[in-house]
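Engineer: Data file entry22.pdb (PDB, C-alpha atoms) is appended below.
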ATOM      1  CA  LEU B   1       1.198  -1.696  25.008  1.00  0.00           C
ATOM      2  CA  ALA B   2       2.332   0.718  22.362  1.00  0.00           C
ATOM      3  CA  PRO B   3       3.514  -0.752  19.084  1.00  0.00           C
ATOM      4  CA  SER B   4       6.994   0.488  18.472  1.00  0.00           C
ATOM      5  CA  GLU B   5       8.119  -1.334  15.378  1.00  0.00           C
ATOM      6  CA  MET B   6       6.608  -4.004  13.251  1.00  0.00           C
ATOM      7  CA  CYS B   7       8.167  -5.312  10.134  1.00  0.00           C
ATOM      8  CA  ILE B   8       7.434  -8.173   7.819  1.00  0.00           C
ATOM      9  CA  ARG B   9       9.468  -8.929   4.774  1.00  0.00           C
ATOM     10  CA  ASP B  10       8.649 -11.388   2.057  1.00  0.00           C
ATOM     11  CA  ARG B  11      10.595 -12.666  -0.881  1.00  0.00           C
ATOM     12  CA  ASP B  12       9.697 -11.780  -4.473  1.00  0.00           C
ATOM     13  CA  TRP B  13       6.009 -11.328  -3.650  1.00  0.00           C
ATOM     14  CA  ILE B  14       5.232  -9.690  -7.014  1.00  0.00           C
ATOM     15  CA  ASP B  15       6.844 -12.529  -8.985  1.00  0.00           C
ATOM     16  CA  ASP B  16       5.203 -15.189  -6.806  1.00  0.00           C
ATOM     17  CA  ALA B  17       1.777 -13.511  -7.141  1.00  0.00           C
ATOM     18  CA  ARG B  18       1.967 -12.912 -10.910  1.00  0.00           C
ATOM     19  CA  GLY B  19      -1.101 -14.296 -12.685  1.00  0.00           C
ATOM     20  CA  THR B  20      -3.073 -14.718  -9.444  1.00  0.00           C
ATOM     21  CA  TRP B  21      -5.903 -12.796  -7.755  1.00  0.00           C
ATOM     22  CA  ARG B  22      -3.324 -11.204  -5.448  1.00  0.00           C
ATOM     23  CA  LEU B  23      -2.237  -8.728  -8.151  1.00  0.00           C
ATOM     24  CA  ASP B  24      -5.828  -7.889  -9.153  1.00  0.00           C
ATOM     25  CA  PRO B  25      -6.888  -5.084  -6.782  1.00  0.00           C
ATOM     26  CA  ASP B  26     -10.540  -5.607  -7.740  1.00  0.00           C
ATOM     27  CA  LEU B  27     -10.262  -9.042  -6.101  1.00  0.00           C
ATOM     28  CA  SER B  28      -7.521  -8.490  -3.491  1.00  0.00           C
ATOM     29  CA  GLY B  29      -8.217  -4.912  -2.435  1.00  0.00           C
ATOM     30  CA  GLY B  30      -4.632  -3.805  -3.081  1.00  0.00           C
ATOM     31  CA  GLY B  31      -1.146  -5.206  -2.911  1.00  0.00           C
ATOM     32  CA  PHE B  32       1.311  -6.551  -0.348  1.00  0.00           C
ATOM     33  CA  LEU B  33      -0.169  -4.494   2.512  1.00  0.00           C
ATOM     34  CA  TYR B  34      -3.592  -6.041   1.965  1.00  0.00           C
ATOM     35  CA  ASP B  35      -2.251  -9.521   1.214  1.00  0.00           C
ATOM     36  CA  THR B  36       0.350 -10.068   3.927  1.00  0.00           C
ATOM     37  CA  GLY B  37       0.455  -6.864   5.954  1.00  0.00           C
ATOM     38  CA  SER B  38      -3.180  -7.250   6.986  1.00  0.00           C
ATOM     39  CA  HIS B  39      -2.253 -10.270   9.114  1.00  0.00           C
ATOM     40  CA  VAL B  40       0.334  -8.277  11.058  1.00  0.00           C
ATOM     41  CA  LEU B  41      -2.018  -5.302  11.482  1.00  0.00           C
ATOM     42  CA  ASP B  42      -4.762  -7.656  12.658  1.00  0.00           C
ATOM     43  CA  GLY B  43      -2.485  -9.365  15.158  1.00  0.00           C
ATOM     44  CA  VAL B  44      -1.265  -6.086  16.630  1.00  0.00           C
ATOM     45  CA  LEU B  45      -4.698  -4.459  16.833  1.00  0.00           C
ATOM     46  CA  TRP B  46      -6.305  -7.603  18.263  1.00  0.00           C
ATOM     47  CA  THR B  47      -3.520  -8.252  20.786  1.00  0.00           C
ATOM     48  CA  THR B  48      -3.202  -4.685  22.050  1.00  0.00           C
ATOM     49  CA  GLY B  49      -6.826  -3.560  21.730  1.00  0.00           C
ATOM     50  CA  LEU B  50      -5.560  -0.228  20.410  1.00  0.00           C
ATOM     51  CA  GLU B  51      -7.797   1.823  18.105  1.00  0.00           C
ATOM     52  CA  PRO B  52      -6.005   3.538  15.198  1.00  0.00           C
ATOM     53  CA  ALA B  53      -6.852   7.244  14.947  1.00  0.00           C
ATOM     54  CA  SER B  54      -4.735   8.356  11.974  1.00  0.00           C
ATOM     55  CA  VAL B  55      -2.037   7.138   9.620  1.00  0.00           C
ATOM     56  CA  ALA B  56       0.677   8.615   7.427  1.00  0.00           C
ATOM     57  CA  ALA B  57       2.102   6.243   4.827  1.00  0.00           C
ATOM     58  CA  SER B  58       4.441   5.866   1.916  1.00  0.00           C
ATOM     59  CA  MET B  59       4.295   3.063  -0.621  1.00  0.00           C
ATOM     60  CA  ASP B  60       6.225   1.788  -3.599  1.00  0.00           C
ATOM     61  CA  PHE B  61       3.586   0.824  -6.148  1.00  0.00           C
ATOM     62  CA  HIS B  62       3.983  -1.950  -8.703  1.00  0.00           C
ATOM     63  CA  ASP B  63       1.360  -0.491 -11.041  1.00  0.00           C
ATOM     64  CA  GLU B  64       0.962   2.980 -12.553  1.00  0.00           C
ATOM     65  CA  ALA B  65      -2.538   3.362 -11.083  1.00  0.00           C
ATOM     66  CA  GLY B  66      -1.114   3.166  -7.546  1.00  0.00           C
ATOM     67  CA  ARG B  67      -3.331   0.284  -6.461  1.00  0.00           C
ATOM     68  CA  VAL B  68      -0.855  -2.590  -5.966  1.00  0.00           C
ATOM     69  CA  ASP B  69       1.944  -1.876  -3.510  1.00  0.00           C
ATOM     70  CA  ARG B  70       5.106  -3.922  -3.126  1.00  0.00           C
ATOM     71  CA  ARG B  71       6.338  -1.965  -0.082  1.00  0.00           C
ATOM     72  CA  ALA B  72       4.462   0.025   2.540  1.00  0.00           C
ATOM     73  CA  HIS B  73       5.587   2.091   5.517  1.00  0.00           C
ATOM     74  CA  LEU B  74       2.930   3.209   8.013  1.00  0.00           C
ATOM     75  CA  ASP B  75       3.155   5.678  10.888  1.00  0.00           C
ATOM     76  CA  VAL B  76       0.038   5.106  13.004  1.00  0.00           C
ATOM     77  CA  VAL B  77      -1.233   7.254  15.871  1.00  0.00           C
ATOM     78  CA  PHE B  78      -3.683   5.464  18.149  1.00  0.00           C
ATOM     79  CA  GLU B  79      -6.601   7.014  20.037  1.00  0.00           C
ATOM     80  CA  ASN B  80      -4.731   6.789  23.361  1.00  0.00           C
ATOM     81  CA  GLY B  81      -1.711   8.673  21.932  1.00  0.00           C
ATOM     82  CA  ALA B  82       0.471   5.592  21.411  1.00  0.00           C
ATOM     83  CA  THR B  83       2.277   5.359  18.086  1.00  0.00           C
ATOM     84  CA  GLY B  84       3.275   2.493  15.855  1.00  0.00           C
ATOM     85  CA  THR B  85       5.583   2.107  12.896  1.00  0.00           C
ATOM     86  CA  PHE B  86       4.895  -0.678  10.424  1.00  0.00           C
ATOM     87  CA  SER B  87       7.134  -1.615   7.512  1.00  0.00           C
ATOM     88  CA  PHE B  88       6.223  -4.238   4.897  1.00  0.00           C
ATOM     89  CA  HIS B  89       8.587  -5.306   2.101  1.00  0.00           C
ATOM     90  CA  GLY B  90       7.277  -7.638  -0.581  1.00  0.00           C
ATOM     91  CA  ASP B  91      10.549  -7.740  -2.464  1.00  0.00           C
ATOM     92  CA  ALA B  92      13.146  -8.535   0.194  1.00  0.00           C
ATOM     93  CA  PRO B  93      15.604 -11.392  -0.381  1.00  0.00           C
ATOM     94  CA  SER B  94      14.044 -13.592   2.341  1.00  0.00           C
ATOM     95  CA  VAL B  95      11.047 -13.864   4.636  1.00  0.00           C
ATOM     96  CA  ARG B  96      11.690 -12.249   8.037  1.00  0.00           C
ATOM     97  CA  GLU B  97       9.194 -11.020  10.588  1.00  0.00           C
ATOM     98  CA  HIS B  98       9.825  -8.702  13.530  1.00  0.00           C
ATOM     99  CA  VAL B  99       7.077  -7.498  15.848  1.00  0.00           C
ATOM    100  CA  HIS B 100       8.162  -5.345  18.798  1.00  0.00           C
ATOM    101  CA  LEU B 101       5.578  -4.100  21.294  1.00  0.00           C
ATOM    102  CA  TRP B 102       6.702  -1.631  23.978  1.00  0.00           C
ATOM    103  CA  ASP B 103       5.139  -0.057  27.047  1.00  0.00           C
ATOM    104  CA  ASP B 104       6.584   1.605  30.164  1.00  0.00           C
ATOM    105  CA  ALA B 105       7.441  -1.761  31.753  1.00  0.00           C
ATOM    106  CA  GLY B 106       9.348  -3.216  28.778  1.00  0.00           C
ATOM    107  CA  ALA B 107       8.618  -5.058  25.581  1.00  0.00           C
ATOM    108  CA  VAL B 108       7.592  -8.257  23.889  1.00  0.00           C
ATOM    109  CA  TYR B 109       9.492  -9.269  20.757  1.00  0.00           C
ATOM    110  CA  LEU B 110       8.296 -11.803  18.204  1.00  0.00           C
ATOM    111  CA  GLU B 111      10.905 -12.809  15.643  1.00  0.00           C
ATOM    112  CA  GLY B 112      10.576 -15.253  12.805  1.00  0.00           C
ATOM    113  CA  THR B 113      12.238 -16.572   9.688  1.00  0.00           C
ATOM    114  CA  GLN B 114      10.387 -17.960   6.716  1.00  0.00           C
ATOM    115  CA  TRP B 115       6.999 -19.322   7.837  1.00  0.00           C
ATOM    116  CA  GLY B 116       8.244 -21.364  10.788  1.00  0.00           C
ATOM    117  CA  PRO B 117       7.534 -20.869  14.476  1.00  0.00           C
ATOM    118  CA  ARG B 118       8.169 -17.481  16.033  1.00  0.00           C
ATOM    119  CA  GLU B 119      10.543 -16.820  18.931  1.00  0.00           C
ATOM    120  CA  VAL B 120       9.101 -14.752  21.770  1.00  0.00           C
ATOM    121  CA  ARG B 121      11.246 -12.657  24.118  1.00  0.00           C
ATOM    122  CA  GLU B 122      10.261 -10.363  26.943  1.00  0.00           C
ATOM    123  CA  ILE B 123      12.433  -7.356  27.737  1.00  0.00           C
ATOM    124  CA  ASP B 124      12.083  -5.676  31.122  1.00  0.00           C
ATOM    125  CA  ALA B 125      12.621  -2.013  32.004  1.00  0.00           C
ATOM    126  CA  ASP B 126      16.253  -2.784  32.919  1.00  0.00           C
ATOM    127  CA  ALA B 127      16.937  -4.261  29.440  1.00  0.00           C
ATOM    128  CA  GLY B 128      16.958  -7.843  30.727  1.00  0.00           C
ATOM    129  CA  GLU B 129      15.776 -10.409  28.165  1.00  0.00           C
ATOM    130  CA  TYR B 130      13.744 -13.489  28.989  1.00  0.00           C
ATOM    131  CA  ALA B 131      12.220 -16.293  26.961  1.00  0.00           C
ATOM    132  CA  PRO B 132       8.775 -16.829  28.472  1.00  0.00           C
ATOM    133  CA  TYR B 133       7.540 -20.380  28.869  1.00  0.00           C
ATOM    134  CA  VAL B 134       4.483 -21.012  26.727  1.00  0.00           C
ATOM    135  CA  ASP B 135       2.833 -24.356  27.406  1.00  0.00           C
ATOM    136  CA  PRO B 136       1.678 -25.598  23.981  1.00  0.00           C
ATOM    137  CA  ARG B 137      -0.765 -28.005  25.640  1.00  0.00           C
ATOM    138  CA  GLY B 138      -2.861 -25.029  26.760  1.00  0.00           C
ATOM    139  CA  GLU B 139      -3.022 -23.383  23.363  1.00  0.00           C
ATOM    140  CA  GLN B 140      -6.286 -23.567  21.456  1.00  0.00           C
ATOM    141  CA  SER B 141      -6.374 -23.348  17.663  1.00  0.00           C
ATOM    142  CA  ARG B 142      -8.364 -20.522  16.083  1.00  0.00           C
ATOM    143  CA  ALA B 143     -10.756 -23.034  14.569  1.00  0.00           C
ATOM    144  CA  ASP B 144     -11.329 -24.715  17.956  1.00  0.00           C
ATOM    145  CA  ALA B 145     -11.897 -21.344  19.633  1.00  0.00           C
ATOM    146  CA  PHE B 146     -14.471 -20.434  16.989  1.00  0.00           C
ATOM    147  CA  LEU B 147     -16.262 -23.767  17.279  1.00  0.00           C
ATOM    148  CA  GLU B 148     -16.304 -23.465  21.063  1.00  0.00           C
ATOM    149  CA  SER B 149     -17.931 -20.024  20.804  1.00  0.00           C
ATOM    150  CA  VAL B 150     -20.616 -21.448  18.487  1.00  0.00           C
ATOM    151  CA  ARG B 151     -21.308 -24.382  20.829  1.00  0.00           C
ATOM    152  CA  GLU B 152     -21.426 -22.169  23.923  1.00  0.00           C
ATOM    153  CA  GLY B 153     -23.221 -19.228  22.301  1.00  0.00           C
ATOM    154  CA  THR B 154     -20.441 -16.813  23.238  1.00  0.00           C
ATOM    155  CA  GLU B 155     -18.646 -14.208  21.156  1.00  0.00           C
ATOM    156  CA  PRO B 156     -15.651 -15.660  19.291  1.00  0.00           C
ATOM    157  CA  PRO B 157     -12.179 -14.349  20.174  1.00  0.00           C
ATOM    158  CA  ALA B 158     -11.949 -12.590  16.799  1.00  0.00           C
ATOM    159  CA  THR B 159     -14.976 -10.905  15.271  1.00  0.00           C
ATOM    160  CA  VAL B 160     -16.001  -9.075  12.116  1.00  0.00           C
ATOM    161  CA  ARG B 161     -15.256  -5.863  14.015  1.00  0.00           C
ATOM    162  CA  ASP B 162     -11.574  -6.885  14.074  1.00  0.00           C
ATOM    163  CA  ALA B 163     -11.565  -7.271  10.283  1.00  0.00           C
ATOM    164  CA  LEU B 164     -13.277  -3.887   9.872  1.00  0.00           C
ATOM    165  CA  ARG B 165     -10.601  -2.174  11.987  1.00  0.00           C
ATOM    166  CA  VAL B 166      -7.837  -3.680   9.838  1.00  0.00           C
ATOM    167  CA  THR B 167      -9.650  -2.720   6.634  1.00  0.00           C
ATOM    168  CA  ALA B 168     -10.237   0.859   7.828  1.00  0.00           C
ATOM    169  CA  LEU B 169      -6.553   1.253   8.727  1.00  0.00           C
ATOM    170  CA  THR B 170      -5.423  -0.318   5.452  1.00  0.00           C
ATOM    171  CA  GLU B 171      -7.708   1.857   3.309  1.00  0.00           C
ATOM    172  CA  ALA B 172      -6.585   4.975   5.180  1.00  0.00           C
ATOM    173  CA  ALA B 173      -2.942   3.962   4.617  1.00  0.00           C
ATOM    174  CA  TYR B 174      -3.489   3.667   0.845  1.00  0.00           C
ATOM    175  CA  GLU B 175      -5.157   7.091   0.812  1.00  0.00           C
ATOM    176  CA  ALA B 176      -2.331   8.579   2.900  1.00  0.00           C
ATOM    177  CA  ALA B 177       0.296   7.145   0.543  1.00  0.00           C
ATOM    178  CA  ARG B 178      -1.498   8.465  -2.540  1.00  0.00           C
ATOM    179  CA  THR B 179      -2.123  11.955  -1.124  1.00  0.00           C
ATOM    180  CA  GLY B 180       1.021  12.401   0.968  1.00  0.00           C
ATOM    181  CA  THR B 181      -1.078  13.486   3.965  1.00  0.00           C
ATOM    182  CA  ARG B 182      -1.975  12.039   7.374  1.00  0.00           C
ATOM    183  CA  VAL B 183      -5.432  10.494   7.095  1.00  0.00           C
ATOM    184  CA  PRO B 184      -7.932   9.816   9.885  1.00  0.00           C
ATOM    185  CA  VAL B 185      -8.903   6.151  10.286  1.00  0.00           C
ATOM    186  CA  GLY B 186     -12.645   5.582  10.183  1.00  0.00           C
ATOM    187  CA  ASP B 187     -14.790   2.503  10.478  1.00  0.00           C
TER     188      ASP B 187
END
Here is a file; write its structure as structure tokens.
Structural biologist:
Amino acid sequence: LAPSEMCIRDRDWIDDARGTWRLDPDLSGGGFLYDTGSHVLDGVLWTTGLEPASVAASMDFHDEAGRVDRRAHLDVVFENGATGTFSFHGDAPSVREHVHLWDDAGAVYLEGTQWGPREVREIDADAGEYAPYVDPRGEQSRADAFLESVREGTEPPATVRDALRVTALTEAAYEAARTGTRVPVGD
């Protein structure tokens, strides 16, 4: 899969985060991209298995030092040549999430409002849309999956390596936004 467009929008993130660790980059690492965007980046990288190679970015910073962003736009090139566009808005009028993943056979769309459940749609190469059946009885929580891996001595579904990939991409995006250049993503 090649990420085509990912977007998450939150409502008044700066006002909601005022006086908390979220606006202290020494504790949070940055701003809205680190706080909320990291979850979307993690989900996309983990789901697709793609490795980010470079990123160009622009950000609207809340602070003069350019450490706390309220909006971020990322153009990512992956090692296999796929590209992804990510857009995060911490000052939109409502919470909306759109994740669109495309490949040659079609797409998967995840759409959500506020923090409720997400709708999933599949789109085939002929533009037909389908709502896949997902049996909730077969779904395992993240905590249960982790505990199972501990009990069985197997690698958990998500590892520290996943967090490092997200952090490397996020740090490269901040550098790209500050310098106005495309930046390689390193581990």
Engineer: Rank nothing, just name the residue among B:Gly66, B:Gly37, B:Gly19, B:Pro132 nearest to Thr167 (chain B), using only C-alpha atoms.
Structural biologist: B:Gly37
Engineer: Taking (3.0, -14.4, -6.2) in the coordinates of the supplied file, I want to know which residues reach to within 12 Å of it, counting only C-alpha atoms; could you give the answer as a ChimeraX atom specification?
Structural biologist: /B:10-24,31-32,35-36,70,90-91
Engineer: Neighbouring residues of Val55 (chain B) were defined as those with any atom within 7 Å, considering only C-alpha atoms; residues of the same chain fewer than 5 positions away were excluded. Please report them as a PyMOL selection string.
Structural biologist: chain B and resi 74-77+172-173+176+182-185
Engineer: Have a look at B:Pro93, B:Pro136, B:Gly116, B:Gly186 and name the one nearest to Glu171 (chain B); count only C-alpha atoms.
Structural biologist: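 Among the listed residues, the smallest separation from Glu171 (chain B) belongs to B:Gly186.
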Engineer: Which is closer to Pro156 (chain B) than all the others in B:His100, B:His62, B:Arg142, B:His89, using all atoms listed in the file?
Structural biologist: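 Under the stated criterion, the closest residue is B:Arg142.
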Engineer: Which one is closest to Thr179 (chain B): B:Ser58, B:Asp135, B:Phe88, B:Arg96? Count only C-alpha atoms.
Structural biologist: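 When distances to Thr179 (chain B) are compared using only C-alpha atoms, the smallest one comes from B:Ser58.
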Engineer: Closest to Trp102 (chain B) among B:Thr83, B:Thr170, B:Gln114, B:Ser28, using all atoms listed in the file?
Structural biologist: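 That would be B:Thr83, the residue with the smallest distance to Trp102 (chain B).
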Engineer: So which residues get picked by the PyMOL selection byres ((chain B and resi 80) around 9) here, written as a PyMOL selection string?
Structural biologist: chain B and resi 50-53+77-79+81-83
Engineer: Interatomic distance between CA of Leu169 (chain B) and CA of Ala65 (chain B)?
Structural biologist: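 CA of Ala65 (chain B) lies at a distance of 20.3 Å from CA of Leu169 (chain B).
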Engineer: How far is it from CA of Arg178 (chain B) to CA of Leu164 (chain B), in Å with one decimal?
Structural biologist: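 Interatomic distance here is 21.1 Å.
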Engineer: Considering all atoms listed in the file, return as a list in words whatever protein or nucleic-acid residues lie within 7 Å of Gly30 (chain B), sequence-local ones (same chain, fewer than 3 positions apart) excluded.
Structural biologist: Pro25, Tyr34, Arg67, Val68 and Asp69 of chain B
Engineer: Go ahead and compute the interatomic distance for CA of Val120 (chain B) and CA of Val108 (chain B), in Å to one decimal.
Structural biologist: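 Atom-to-atom, CA of Val120 (chain B) to CA of Val108 (chain B), that is 7.0 Å.
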Engineer: Run the PyMOL selection byres ((chain B and resi 130) around 12) on the file and write out the hits as a PDB file with C-alpha atoms, in the coordinates of the input.
Structural biologist:
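In the end it all went to part_12.pdb:
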ATOM      1  CA  GLY B 106       9.348  -3.216  28.778  1.00  0.00           C
ATOM      2  CA  ALA B 107       8.618  -5.058  25.581  1.00  0.00           C
ATOM      3  CA  VAL B 108       7.592  -8.257  23.889  1.00  0.00           C
ATOM      4  CA  TYR B 109       9.492  -9.269  20.757  1.00  0.00           C
ATOM      5  CA  GLU B 119      10.543 -16.820  18.931  1.00  0.00           C
ATOM      6  CA  VAL B 120       9.101 -14.752  21.770  1.00  0.00           C
ATOM      7  CA  ARG B 121      11.246 -12.657  24.118  1.00  0.00           C
ATOM      8  CA  GLU B 122      10.261 -10.363  26.943  1.00  0.00           C
ATOM      9  CA  ILE B 123      12.433  -7.356  27.737  1.00  0.00           C
ATOM     10  CA  ASP B 124      12.083  -5.676  31.122  1.00  0.00           C
ATOM     11  CA  ALA B 125      12.621  -2.013  32.004  1.00  0.00           C
ATOM     12  CA  ASP B 126      16.253  -2.784  32.919  1.00  0.00           C
ATOM     13  CA  ALA B 127      16.937  -4.261  29.440  1.00  0.00           C
ATOM     14  CA  GLY B 128      16.958  -7.843  30.727  1.00  0.00           C
ATOM     15  CA  GLU B 129      15.776 -10.409  28.165  1.00  0.00           C
ATOM     16  CA  ALA B 131      12.220 -16.293  26.961  1.00  0.00           C
ATOM     17  CA  PRO B 132       8.775 -16.829  28.472  1.00  0.00           C
ATOM     18  CA  TYR B 133       7.540 -20.380  28.869  1.00  0.00           C
TER      19      TYR B 133
END
Engineer: List the residues matched by the PyMOL selection byres ((chain B and resi 113) around 9) in the displayed structure as a list of chain:residue names, ordered by chain and then by residue number.
Structural biologist: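 Selection result, ordered by chain and number: B:Ser94, B:Val95, B:Arg96, B:Glu97, B:Glu111, B:Gly112, B:Gln114, B:Trp115, B:Gly116, B:Pro117, B:Arg118.
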Engineer: Nearest to Ala72 (chain B) among B:Met59, B:Val150, B:Leu110, B:Val99, with distances taken over all atoms listed in the file: which residue is it?
Structural biologist: B:Met59
Engineer: May I ask you to restore N, CA, C and O atoms in region 165-178 of chain B and write the result as a CSV table (one decimal), keeping the file's coordinate frame?
Structural biologist:
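So rebuild25.csv came out as:
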chain,number,residue,atom,x,y,z
B,165,ARG,N,-11.7,-3.1,11.5
B,165,ARG,CA,-10.6,-2.2,12.0
B,165,ARG,C,-9.4,-2.3,11.1
B,165,ARG,O,-8.7,-1.3,10.8
B,166,VAL,N,-9.0,-3.5,10.7
B,166,VAL,CA,-7.8,-3.7,9.8
B,166,VAL,C,-8.1,-3.1,8.5
B,166,VAL,O,-7.2,-2.4,7.9
B,167,THR,N,-9.3,-3.3,7.9
B,167,THR,CA,-9.6,-2.7,6.6
B,167,THR,C,-9.7,-1.2,6.7
B,167,THR,O,-9.1,-0.6,5.7
B,168,ALA,N,-10.2,-0.6,7.7
B,168,ALA,CA,-10.2,0.9,7.8
B,168,ALA,C,-8.8,1.4,7.9
B,168,ALA,O,-8.5,2.4,7.2
B,169,LEU,N,-7.9,0.8,8.7
B,169,LEU,CA,-6.6,1.3,8.7
B,169,LEU,C,-5.9,1.1,7.4
B,169,LEU,O,-5.1,2.0,6.9
B,170,THR,N,-6.1,0.0,6.7
B,170,THR,CA,-5.4,-0.3,5.5
B,170,THR,C,-5.9,0.7,4.4
B,170,THR,O,-5.1,1.2,3.7
B,171,GLU,N,-7.2,0.9,4.3
B,171,GLU,CA,-7.7,1.9,3.3
B,171,GLU,C,-7.2,3.3,3.6
B,171,GLU,O,-6.8,4.0,2.6
B,172,ALA,N,-7.1,3.7,4.8
B,172,ALA,CA,-6.6,5.0,5.2
B,172,ALA,C,-5.1,5.1,4.8
B,172,ALA,O,-4.6,6.1,4.3
B,173,ALA,N,-4.4,4.0,5.0
B,173,ALA,CA,-2.9,4.0,4.6
B,173,ALA,C,-2.8,4.1,3.1
B,173,ALA,O,-1.9,4.9,2.7
B,174,TYR,N,-3.6,3.5,2.3
B,174,TYR,CA,-3.5,3.7,0.8
B,174,TYR,C,-3.8,5.1,0.5
B,174,TYR,O,-3.1,5.7,-0.3
B,175,GLU,N,-4.8,5.7,1.1
B,175,GLU,CA,-5.2,7.1,0.8
B,175,GLU,C,-4.0,8.0,1.2
B,175,GLU,O,-3.6,8.9,0.5
B,176,ALA,N,-3.4,7.8,2.4
B,176,ALA,CA,-2.3,8.6,2.9
B,176,ALA,C,-1.1,8.5,2.0
B,176,ALA,O,-0.5,9.5,1.7
B,177,ALA,N,-0.8,7.3,1.5
B,177,ALA,CA,0.3,7.1,0.5
B,177,ALA,C,0.0,7.9,-0.8
B,177,ALA,O,1.0,8.5,-1.3
B,178,ARG,N,-1.2,7.8,-1.3
B,178,ARG,CA,-1.5,8.5,-2.5
B,178,ARG,C,-1.5,10.0,-2.4
B,178,ARG,O,-1.2,10.7,-3.4
